[in-house]
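Printed here is coords_22.tsv (TSV, N, CA and C atoms):
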```tsv
chain	number	residue	atom	x	y	z
A	1	MET	N	99.41	41.48	39.75
A	1	MET	CA	98.54	41.44	38.59
A	1	MET	C	98.17	40.00	38.29
A	2	LYS	N	96.89	39.80	37.95
A	2	LYS	CA	96.38	38.47	37.60
A	2	LYS	C	95.84	38.50	36.17
A	3	ILE	N	96.37	37.60	35.35
A	3	ILE	CA	95.94	37.50	33.95
A	3	ILE	C	95.53	36.06	33.67
A	4	LEU	N	94.38	35.91	33.06
A	4	LEU	CA	93.84	34.62	32.66
A	4	LEU	C	93.98	34.46	31.15
A	5	ILE	N	94.52	33.33	30.73
A	5	ILE	CA	94.58	32.99	29.30
A	5	ILE	C	93.55	31.89	29.06
A	6	ILE	N	92.66	32.14	28.10
A	6	ILE	CA	91.64	31.17	27.74
A	6	ILE	C	91.83	30.79	26.27
A	7	ASN	N	91.95	29.50	26.02
A	7	ASN	CA	92.05	28.98	24.66
A	7	ASN	C	90.85	28.11	24.34
A	8	GLY	N	90.37	28.26	23.12
A	8	GLY	CA	89.21	27.52	22.66
A	8	GLY	C	89.54	26.24	21.93
A	9	PRO	N	88.62	25.78	21.10
A	9	PRO	CA	88.69	24.45	20.51
A	9	PRO	C	89.92	24.22	19.64
A	10	ASN	N	90.42	23.01	19.79
A	10	ASN	CA	91.54	22.46	19.02
A	10	ASN	C	92.89	23.05	19.38
A	11	LEU	N	92.93	24.05	20.25
A	11	LEU	CA	94.22	24.60	20.65
A	11	LEU	C	94.94	23.68	21.63
A	12	ASN	N	94.25	22.68	22.13
A	12	ASN	CA	94.92	21.64	22.91
A	12	ASN	C	95.82	20.79	22.02
A	13	LEU	N	95.68	20.91	20.72
A	13	LEU	CA	96.49	20.13	19.78
A	13	LEU	C	97.70	20.91	19.25
A	14	LEU	N	97.96	22.09	19.82
A	14	LEU	CA	99.14	22.85	19.37
A	14	LEU	C	100.38	21.99	19.53
A	15	GLY	N	101.26	22.06	18.56
A	15	GLY	CA	102.45	21.23	18.54
A	15	GLY	C	102.26	20.03	17.63
A	16	LYS	N	101.00	19.63	17.42
A	16	LYS	CA	100.67	18.51	16.54
A	16	LYS	C	99.83	18.98	15.36
A	17	ARG	N	98.95	19.94	15.61
A	17	ARG	CA	97.98	20.39	14.62
A	17	ARG	C	98.61	21.36	13.63
A	18	GLU	N	98.52	21.07	12.36
A	18	GLU	CA	98.97	21.97	11.29
A	18	GLU	C	100.21	22.77	11.67
A	19	PRO	N	101.34	22.10	11.84
A	19	PRO	CA	102.54	22.81	12.30
A	19	PRO	C	102.99	23.93	11.37
A	20	THR	N	102.62	23.89	10.09
A	20	THR	CA	102.99	24.99	9.19
A	20	THR	C	102.22	26.26	9.50
A	21	VAL	N	101.06	26.12	10.14
A	21	VAL	CA	100.25	27.27	10.53
A	21	VAL	C	100.51	27.65	11.98
A	22	TYR	N	100.57	26.64	12.87
A	22	TYR	CA	100.58	26.89	14.32
A	22	TYR	C	101.92	26.59	15.00
A	23	GLY	N	102.89	26.07	14.28
A	23	GLY	CA	104.19	25.76	14.87
A	23	GLY	C	104.20	24.38	15.52
A	24	THR	N	105.32	24.07	16.16
A	24	THR	CA	105.52	22.73	16.72
A	24	THR	C	105.55	22.72	18.25
A	25	GLU	N	105.43	23.87	18.87
A	25	GLU	CA	105.49	23.95	20.33
A	25	GLU	C	104.10	23.75	20.93
A	26	THR	N	104.02	22.98	22.00
A	26	THR	CA	102.75	22.84	22.70
A	26	THR	C	102.46	24.11	23.48
A	27	PHE	N	101.18	24.34	23.76
A	27	PHE	CA	100.86	25.54	24.53
A	27	PHE	C	101.36	25.41	25.95
A	28	GLU	N	101.34	24.21	26.49
A	28	GLU	CA	101.81	24.00	27.86
A	28	GLU	C	103.28	24.39	27.99
A	29	ALA	N	104.10	24.01	27.01
A	29	ALA	CA	105.53	24.39	27.03
A	29	ALA	C	105.69	25.90	26.89
A	30	PHE	N	104.90	26.50	26.03
A	30	PHE	CA	104.96	27.95	25.86
A	30	PHE	C	104.49	28.66	27.13
A	31	PHE	N	103.43	28.15	27.75
A	31	PHE	CA	102.91	28.76	28.97
A	31	PHE	C	103.97	28.75	30.07
A	32	GLN	N	104.73	27.67	30.16
A	32	GLN	CA	105.83	27.58	31.13
A	32	GLN	C	106.84	28.71	30.89
A	33	LYS	N	107.14	28.99	29.63
A	33	LYS	CA	108.05	30.09	29.30
A	33	LYS	C	107.47	31.43	29.73
A	34	LEU	N	106.16	31.61	29.52
A	34	LEU	CA	105.52	32.86	29.95
A	34	LEU	C	105.61	33.02	31.46
A	35	GLU	N	105.37	31.94	32.20
A	35	GLU	CA	105.46	31.99	33.66
A	35	GLU	C	106.88	32.35	34.10
A	36	ASN	N	107.88	31.82	33.41
A	36	ASN	CA	109.27	32.13	33.75
A	36	ASN	C	109.63	33.57	33.40
A	37	GLU	N	109.08	34.07	32.32
A	37	GLU	CA	109.38	35.43	31.88
A	37	GLU	C	108.67	36.49	32.72
A	38	PHE	N	107.43	36.20	33.09
A	38	PHE	CA	106.61	37.17	33.82
A	38	PHE	C	106.35	36.67	35.24
A	39	LYS	N	107.41	36.57	36.02
A	39	LYS	CA	107.33	36.02	37.37
A	39	LYS	C	106.47	36.85	38.32
A	40	ASP	N	106.32	38.13	38.06
A	40	ASP	CA	105.55	39.00	38.94
A	40	ASP	C	104.06	39.00	38.63
A	41	ILE	N	103.66	38.24	37.62
A	41	ILE	CA	102.26	38.17	37.22
A	41	ILE	C	101.73	36.78	37.57
A	42	GLN	N	100.55	36.76	38.15
A	42	GLN	CA	99.88	35.49	38.41
A	42	GLN	C	99.15	35.10	37.13
A	43	LEU	N	99.70	34.12	36.41
A	43	LEU	CA	99.09	33.66	35.16
A	43	LEU	C	98.29	32.39	35.42
A	44	LYS	N	97.11	32.33	34.84
A	44	LYS	CA	96.27	31.14	34.92
A	44	LYS	C	95.88	30.78	33.50
A	45	TYR	N	95.80	29.47	33.22
A	45	TYR	CA	95.51	29.00	31.87
A	45	TYR	C	94.32	28.04	31.90
A	46	PHE	N	93.42	28.23	30.94
A	46	PHE	CA	92.26	27.35	30.79
A	46	PHE	C	92.04	27.10	29.31
A	47	GLN	N	91.77	25.84	28.97
A	47	GLN	CA	91.45	25.48	27.59
A	47	GLN	C	90.24	24.55	27.60
A	48	SER	N	89.35	24.75	26.63
A	48	SER	CA	88.23	23.84	26.45
A	48	SER	C	87.81	23.83	25.00
A	49	ASN	N	87.31	22.68	24.57
A	49	ASN	CA	86.73	22.54	23.24
A	49	ASN	C	85.23	22.82	23.27
A	50	ILE	N	84.70	23.13	24.45
A	50	ILE	CA	83.26	23.27	24.64
A	50	ILE	C	82.90	24.74	24.87
A	51	GLU	N	82.05	25.26	24.00
A	51	GLU	CA	81.68	26.69	24.04
A	51	GLU	C	81.16	27.12	25.40
A	52	GLY	N	80.25	26.36	25.98
A	52	GLY	CA	79.67	26.73	27.27
A	52	GLY	C	80.69	26.79	28.38
A	53	GLU	N	81.69	25.92	28.35
A	53	GLU	CA	82.74	25.97	29.37
A	53	GLU	C	83.57	27.24	29.25
A	54	LEU	N	83.80	27.71	28.02
A	54	LEU	CA	84.53	28.96	27.83
A	54	LEU	C	83.73	30.13	28.39
A	55	ILE	N	82.43	30.13	28.11
A	55	ILE	CA	81.55	31.18	28.63
A	55	ILE	C	81.53	31.14	30.16
A	56	ASP	N	81.40	29.94	30.71
A	56	ASP	CA	81.39	29.80	32.18
A	56	ASP	C	82.66	30.36	32.80
A	57	LYS	N	83.82	30.09	32.20
A	57	LYS	CA	85.09	30.57	32.75
A	57	LYS	C	85.19	32.10	32.64
A	58	ILE	N	84.75	32.65	31.52
A	58	ILE	CA	84.74	34.11	31.37
A	58	ILE	C	83.87	34.74	32.44
A	59	GLN	N	82.69	34.18	32.67
A	59	GLN	CA	81.78	34.72	33.68
A	59	GLN	C	82.33	34.52	35.10
A	60	GLU	N	82.94	33.37	35.34
A	60	GLU	CA	83.46	33.05	36.68
A	60	GLU	C	84.57	33.99	37.12
A	61	LEU	N	85.50	34.30	36.21
A	61	LEU	CA	86.69	35.07	36.58
A	61	LEU	C	86.73	36.47	35.97
A	62	GLY	N	85.72	36.82	35.22
A	62	GLY	CA	85.72	38.08	34.49
A	62	GLY	C	85.44	39.33	35.30
A	63	PHE	N	85.39	39.18	36.62
A	63	PHE	CA	85.23	40.34	37.49
A	63	PHE	C	86.37	40.43	38.50
A	64	ASP	N	87.25	39.40	38.51
A	64	ASP	CA	88.29	39.29	39.54
A	64	ASP	C	89.70	39.42	39.00
A	65	TYR	N	89.89	39.39	37.70
A	65	TYR	CA	91.22	39.42	37.11
A	65	TYR	C	91.51	40.80	36.53
A	66	ASP	N	92.80	41.08	36.33
A	66	ASP	CA	93.22	42.34	35.74
A	66	ASP	C	93.14	42.30	34.22
A	67	GLY	N	93.16	41.11	33.67
A	67	GLY	CA	93.09	40.97	32.22
A	67	GLY	C	92.81	39.54	31.83
A	68	ILE	N	92.16	39.40	30.68
A	68	ILE	CA	91.94	38.09	30.07
A	68	ILE	C	92.48	38.14	28.66
A	69	ILE	N	93.25	37.12	28.31
A	69	ILE	CA	93.72	36.93	26.94
A	69	ILE	C	92.90	35.79	26.38
A	70	LEU	N	92.13	36.05	25.35
A	70	LEU	CA	91.18	35.08	24.82
A	70	LEU	C	91.47	34.73	23.38
A	71	ASN	N	91.77	33.46	23.15
A	71	ASN	CA	91.83	32.92	21.80
A	71	ASN	C	90.68	31.92	21.71
A	72	ALA	N	89.55	32.39	21.25
A	72	ALA	CA	88.36	31.54	21.17
A	72	ALA	C	88.41	30.62	19.96
A	73	ALA	N	89.49	30.70	19.19
A	73	ALA	CA	89.70	29.85	18.01
A	73	ALA	C	88.49	29.93	17.09
A	74	ALA	N	87.98	28.82	16.61
A	74	ALA	CA	86.87	28.82	15.65
A	74	ALA	C	85.61	29.47	16.21
A	75	TYR	N	85.44	29.45	17.54
A	75	TYR	CA	84.27	30.09	18.13
A	75	TYR	C	84.29	31.61	17.95
A	76	THR	N	85.44	32.17	17.67
A	76	THR	CA	85.55	33.60	17.39
A	76	THR	C	84.57	34.00	16.30
A	77	HIS	N	84.44	33.13	15.32
A	77	HIS	CA	83.69	33.44	14.10
A	77	HIS	C	82.25	32.96	14.15
A	78	THR	N	81.87	32.28	15.23
A	78	THR	CA	80.53	31.68	15.28
A	78	THR	C	79.75	31.97	16.55
A	79	SER	N	80.42	32.36	17.64
A	79	SER	CA	79.77	32.39	18.94
A	79	SER	C	79.34	33.79	19.38
A	80	ILE	N	78.08	34.06	19.22
A	80	ILE	CA	77.52	35.28	19.77
A	80	ILE	C	77.57	35.20	21.30
A	81	GLY	N	77.41	34.01	21.85
A	81	GLY	CA	77.44	33.81	23.30
A	81	GLY	C	78.76	34.21	23.93
A	82	ILE	N	79.87	33.85	23.31
A	82	ILE	CA	81.17	34.24	23.85
A	82	ILE	C	81.35	35.75	23.72
A	83	GLY	N	80.93	36.32	22.60
A	83	GLY	CA	80.98	37.77	22.45
A	83	GLY	C	80.16	38.49	23.52
A	84	ASP	N	78.98	37.96	23.81
A	84	ASP	CA	78.14	38.55	24.85
A	84	ASP	C	78.76	38.41	26.24
A	85	ALA	N	79.43	37.28	26.49
A	85	ALA	CA	80.10	37.08	27.79
A	85	ALA	C	81.22	38.09	27.97
A	86	VAL	N	81.98	38.35	26.93
A	86	VAL	CA	83.05	39.35	26.99
A	86	VAL	C	82.46	40.73	27.27
A	87	LYS	N	81.34	41.04	26.65
A	87	LYS	CA	80.68	42.33	26.84
A	87	LYS	C	80.15	42.48	28.28
A	88	ALA	N	79.75	41.36	28.90
A	88	ALA	CA	79.10	41.39	30.20
A	88	ALA	C	80.04	41.57	31.38
A	89	ILE	N	81.33	41.32	31.19
A	89	ILE	CA	82.26	41.35	32.32
A	89	ILE	C	82.97	42.69	32.41
A	90	SER	N	83.62	42.92	33.56
A	90	SER	CA	84.36	44.17	33.74
A	90	SER	C	85.85	44.03	33.44
A	91	THR	N	86.38	42.82	33.44
A	91	THR	CA	87.80	42.61	33.14
A	91	THR	C	88.05	42.86	31.66
A	92	PRO	N	89.07	43.65	31.32
A	92	PRO	CA	89.38	43.86	29.90
A	92	PRO	C	89.90	42.58	29.25
A	93	VAL	N	89.52	42.40	27.99
A	93	VAL	CA	89.87	41.21	27.23
A	93	VAL	C	90.67	41.62	26.00
A	94	ILE	N	91.78	40.93	25.79
A	94	ILE	CA	92.54	41.05	24.55
A	94	ILE	C	92.25	39.80	23.74
A	95	GLU	N	91.75	39.98	22.53
A	95	GLU	CA	91.51	38.86	21.62
A	95	GLU	C	92.82	38.56	20.90
A	96	VAL	N	93.24	37.30	20.90
A	96	VAL	CA	94.47	36.93	20.20
A	96	VAL	C	94.20	35.78	19.23
A	97	HIS	N	95.02	35.75	18.20
A	97	HIS	CA	95.02	34.64	17.24
A	97	HIS	C	96.47	34.37	16.85
A	98	ILE	N	96.81	33.12	16.79
A	98	ILE	CA	98.17	32.71	16.45
A	98	ILE	C	98.47	33.01	14.98
A	99	SER	N	97.53	32.66	14.11
A	99	SER	CA	97.72	32.90	12.68
A	99	SER	C	97.06	34.23	12.30
A	100	ASN	N	97.40	34.72	11.13
A	100	ASN	CA	96.74	35.91	10.59
A	100	ASN	C	95.41	35.45	9.99
A	101	THR	N	94.35	35.65	10.72
A	101	THR	CA	93.04	35.16	10.28
A	101	THR	C	92.60	35.82	8.98
A	102	PHE	N	93.12	36.99	8.67
A	102	PHE	CA	92.73	37.67	7.44
A	102	PHE	C	93.44	37.13	6.21
A	103	SER	N	94.44	36.28	6.42
A	103	SER	CA	95.11	35.64	5.29
A	103	SER	C	94.56	34.23	5.05
A	104	ARG	N	93.53	33.89	5.80
A	104	ARG	CA	92.93	32.55	5.70
A	104	ARG	C	91.53	32.64	5.07
A	105	GLU	N	90.74	31.63	5.27
A	105	GLU	CA	89.41	31.58	4.67
A	105	GLU	C	88.59	32.81	5.06
A	106	GLU	N	87.70	33.21	4.17
A	106	GLU	CA	86.93	34.44	4.39
A	106	GLU	C	86.07	34.39	5.65
A	107	PHE	N	85.54	33.22	6.01
A	107	PHE	CA	84.70	33.15	7.21
A	107	PHE	C	85.49	33.49	8.47
A	108	ARG	N	86.81	33.42	8.42
A	108	ARG	CA	87.65	33.76	9.58
A	108	ARG	C	87.89	35.28	9.69
A	109	HIS	N	87.37	36.05	8.77
A	109	HIS	CA	87.59	37.50	8.78
A	109	HIS	C	86.64	38.23	9.72
A	110	HIS	N	85.62	37.55	10.23
A	110	HIS	CA	84.66	38.18	11.14
A	110	HIS	C	84.82	37.61	12.55
A	111	SER	N	84.74	38.50	13.53
A	111	SER	CA	84.82	38.09	14.94
A	111	SER	C	83.63	38.63	15.70
A	112	PHE	N	83.01	37.76	16.51
A	112	PHE	CA	81.95	38.20	17.41
A	112	PHE	C	82.52	38.74	18.73
A	113	ILE	N	83.84	38.71	18.89
A	113	ILE	CA	84.50	39.13	20.12
A	113	ILE	C	85.08	40.54	19.97
A	114	SER	N	85.61	40.85	18.81
A	114	SER	CA	86.39	42.08	18.60
A	114	SER	C	85.73	43.35	19.09
A	115	ALA	N	84.43	43.50	18.85
A	115	ALA	CA	83.74	44.74	19.20
A	115	ALA	C	83.75	45.02	20.69
A	116	ASN	N	83.92	43.98	21.49
A	116	ASN	CA	83.90	44.14	22.95
A	116	ASN	C	85.27	43.91	23.58
A	117	ALA	N	86.29	43.74	22.77
A	117	ALA	CA	87.65	43.52	23.27
A	117	ALA	C	88.37	44.85	23.43
A	118	LYS	N	89.30	44.88	24.37
A	118	LYS	CA	90.17	46.05	24.54
A	118	LYS	C	91.06	46.22	23.32
A	119	GLY	N	91.47	45.10	22.74
A	119	GLY	CA	92.34	45.11	21.57
A	119	GLY	C	92.42	43.73	20.96
A	120	ILE	N	93.08	43.66	19.81
A	120	ILE	CA	93.21	42.42	19.06
A	120	ILE	C	94.66	42.28	18.61
A	121	ILE	N	95.21	41.08	18.81
A	121	ILE	CA	96.57	40.79	18.34
A	121	ILE	C	96.48	39.54	17.48
A	122	ILE	N	96.87	39.68	16.22
A	122	ILE	CA	96.66	38.62	15.24
A	122	ILE	C	97.94	38.36	14.46
A	123	GLY	N	98.32	37.08	14.36
A	123	GLY	CA	99.32	36.69	13.37
A	123	GLY	C	100.76	36.66	13.81
A	124	PHE	N	101.03	36.77	15.10
A	124	PHE	CA	102.41	36.74	15.57
A	124	PHE	C	102.79	35.42	16.20
A	125	GLY	N	102.11	34.35	15.80
A	125	GLY	CA	102.38	33.04	16.38
A	125	GLY	C	102.06	33.05	17.87
A	126	LEU	N	102.72	32.21	18.62
A	126	LEU	CA	102.50	32.18	20.06
A	126	LEU	C	102.90	33.49	20.73
A	127	ASP	N	103.77	34.25	20.10
A	127	ASP	CA	104.14	35.55	20.66
A	127	ASP	C	102.95	36.51	20.76
A	128	SER	N	101.84	36.20	20.09
A	128	SER	CA	100.64	37.01	20.24
A	128	SER	C	100.23	37.08	21.71
A	129	TYR	N	100.41	35.99	22.46
A	129	TYR	CA	100.06	35.97	23.88
A	129	TYR	C	101.02	36.85	24.69
A	130	ARG	N	102.30	36.79	24.36
A	130	ARG	CA	103.29	37.63	25.04
A	130	ARG	C	102.99	39.11	24.81
A	131	LEU	N	102.66	39.45	23.58
A	131	LEU	CA	102.31	40.84	23.26
A	131	LEU	C	101.07	41.28	24.03
A	132	ALA	N	100.12	40.39	24.22
A	132	ALA	CA	98.93	40.72	24.99
A	132	ALA	C	99.28	40.99	26.45
A	133	ILE	N	100.15	40.18	27.02
A	133	ILE	CA	100.59	40.41	28.40
A	133	ILE	C	101.26	41.77	28.50
A	134	LEU	N	102.14	42.06	27.56
A	134	LEU	CA	102.83	43.36	27.58
A	134	LEU	C	101.84	44.51	27.47
A	135	SER	N	100.76	44.33	26.74
A	135	SER	CA	99.77	45.41	26.63
A	135	SER	C	99.09	45.67	27.95
A	136	PHE	N	98.92	44.65	28.79
A	136	PHE	CA	98.34	44.87	30.11
A	136	PHE	C	99.34	45.54	31.04
A	137	LEU	N	100.62	45.29	30.83
A	137	LEU	CA	101.66	45.90	31.67
A	137	LEU	C	101.90	47.36	31.32
A	138	ASN	N	101.62	47.72	30.08
A	138	ASN	CA	101.86	49.08	29.59
A	138	ASN	C	100.59	49.67	29.03
A	139	PRO	N	99.57	49.86	29.85
A	139	PRO	CA	98.30	50.38	29.32
A	139	PRO	C	98.46	51.82	28.82
A	140	LYS	N	97.84	52.09	27.72
A	140	LYS	CA	97.89	53.45	27.14
A	140	LYS	C	96.49	53.92	26.89
```

Let's see the structure in the file written out as structure tokens.
Amino acid sequence: MKILIINGPNLNLLGKREPTVYGTETFEAFFQKLENEFKDIQLKYFQSNIEGELIDKIQELGFDYDGIILNAAAYTHTSIGIGDAVKAISTPVIEVHISNTFSREEFRHHSFISANAKGIIIGFGLDSYRLAILSFLNPK
């Protein structure tokens, strides 16, 4: 099984950025833990602060992977283009968010991705990614 994790803007600052919201662990350290836990899965990780690069990656690998875990971060709430890219591919996408977006500012309550995602996991910290992997392992 091949799963791609895509993170959007400012998630490269995990571990430094708003630790009360996002915690103190870097995504790279967490990704290493995921690789150790899910040894039978080929995990790939991509992060960009640039909307077009996220779309390019979704289009590039969105027909060859078994699953994509997408945290488009702020672009979730603004990017019709990313939502359209998710709709255009055949690989199922799980939308994830580290924080509970519904407990934050009202503009974070809308997603341009959700309607085309297989599912959404929100508010479980970095474990949101682990839960997404488990959902691909146990499809219902």

- Given all atoms listed in the file as the counted atoms, nearest of A:Gln32, A:Ser135, A:Gln42, A:Ser48 to A:Asn12: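 Of all the options, A:Ser48 lies closest to A:Asn12.
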
- For atom C of A:Glu51 and atom C of A:Asn71, determine how far apart the two atoms are, in Å to one decimal place.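 That distance, rounded to one decimal, is 11.3 Å.
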
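Relative to atom N of A:Asn49, atom CA of A:Ala117 is found at 20.9 Å.
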
- Task: Please identify all polymer residues within 9 Å of A:Phe31, counting only C-alpha atoms, omitting same-chain residues fewer than 5 positions from it, and present them as JSON, numbers by chain.
- Result: {"A": [26, 36, 43, 45]}

- One decimal, Å: what's the distance from atom C of A:Gly119 over to atom CA of A:Lys57, could you say? 19.1 Å

- Can you list, as a ChimeraX atom specification, every residue of stretch 30-130 of chain A that DSSP puts in strand (DSSP E or B)? /A:42-47,67-71,93-97,119-122

- List as number ranges by chain: which residues have an atom within 5 Å of (94.0, 35.7, 13.5), counting all atoms listed in the file? A: 97, 99-101, 122-123

- Among listed residues A:Ala73, A:Ile120, A:Leu34, A:Ala88, nearest A:Ile6 (using only C-alpha atoms):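 Ranked by minimum distance to A:Ile6, first place goes to A:Ala73.
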
Taking all atoms of stretch 40-45 of chain A that the file lists, what box with edges along x, y and z, padded by 4 Å per side, do you get, with centre and edge lengths in Å to one decimal, as lines of an AutoDock Vina configuration file?
```
center_x = 100.3
center_y = 33.5
center_z = 35.4
size_x = 20.0
size_y = 19.0
size_z = 15.1
```

- Surrounding residues of A:Pro92 excluding itself and chain neighbours under 6 positions, 7 Å, all atoms listed in the file, as number ranges by chain: A: 62, 65-69, 117-118

Keeping only N, CA and C atoms, write the selected residues to a file as a PDB file, in the frame of the given file.
```pdb
ATOM      1  N   GLY A  62      85.720  36.820  35.220  1.00  0.00           N
ATOM      2  CA  GLY A  62      85.720  38.080  34.490  1.00  0.00           C
ATOM      3  C   GLY A  62      85.440  39.330  35.300  1.00  0.00           C
ATOM      4  N   TYR A  65      89.890  39.390  37.700  1.00  0.00           N
ATOM      5  CA  TYR A  65      91.220  39.420  37.110  1.00  0.00           C
ATOM      6  C   TYR A  65      91.510  40.800  36.530  1.00  0.00           C
ATOM      7  N   ASP A  66      92.800  41.080  36.330  1.00  0.00           N
ATOM      8  CA  ASP A  66      93.220  42.340  35.740  1.00  0.00           C
ATOM      9  C   ASP A  66      93.140  42.300  34.220  1.00  0.00           C
ATOM     10  N   GLY A  67      93.160  41.110  33.670  1.00  0.00           N
ATOM     11  CA  GLY A  67      93.090  40.970  32.220  1.00  0.00           C
ATOM     12  C   GLY A  67      92.810  39.540  31.830  1.00  0.00           C
ATOM     13  N   ILE A  68      92.160  39.400  30.680  1.00  0.00           N
ATOM     14  CA  ILE A  68      91.940  38.090  30.070  1.00  0.00           C
ATOM     15  C   ILE A  68      92.480  38.140  28.660  1.00  0.00           C
ATOM     16  N   ILE A  69      93.250  37.120  28.310  1.00  0.00           N
ATOM     17  CA  ILE A  69      93.720  36.930  26.940  1.00  0.00           C
ATOM     18  C   ILE A  69      92.900  35.790  26.380  1.00  0.00           C
ATOM     19  N   ALA A 117      86.290  43.740  22.770  1.00  0.00           N
ATOM     20  CA  ALA A 117      87.650  43.520  23.270  1.00  0.00           C
ATOM     21  C   ALA A 117      88.370  44.850  23.430  1.00  0.00           C
ATOM     22  N   LYS A 118      89.300  44.880  24.370  1.00  0.00           N
ATOM     23  CA  LYS A 118      90.170  46.050  24.540  1.00  0.00           C
ATOM     24  C   LYS A 118      91.060  46.220  23.320  1.00  0.00           C
TER      25      LYS A 118
END
```

- Query: So which one's closest to A:Ser111, A:Pro139, A:Ile58, A:Asp84, A:His77? Using only N, CA and C atoms, please.
  - Reply: A:His77

- Item | Pick from A:Ile98, A:Ala72, A:Phe46, A:Val93 nearest to A:Thr20, counting only C-alpha atoms |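 Smallest separation from A:Thr20 among the options: A:Ile98.
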
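Among A:Tyr75, A:Gln47, A:Gly125, A:Thr91, the residue with the shortest atom-to-atom distance to A:Ile5, counting all atoms listed in the file, is A:Gln47.
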
- stretch 40-77 of chain A: which residues are helix (DSSP H, G or I) by DSSP, as a PyMOL selection string? chain A and resi 51-61+73-77

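Using only N, CA and C atoms, the residues found no farther than 8 Å from A:Lys87, other than those of its own chain fewer than 6 positions away, are A:Gly81, A:Ile113, A:Ala115, A:Asn116, A:Ala117.
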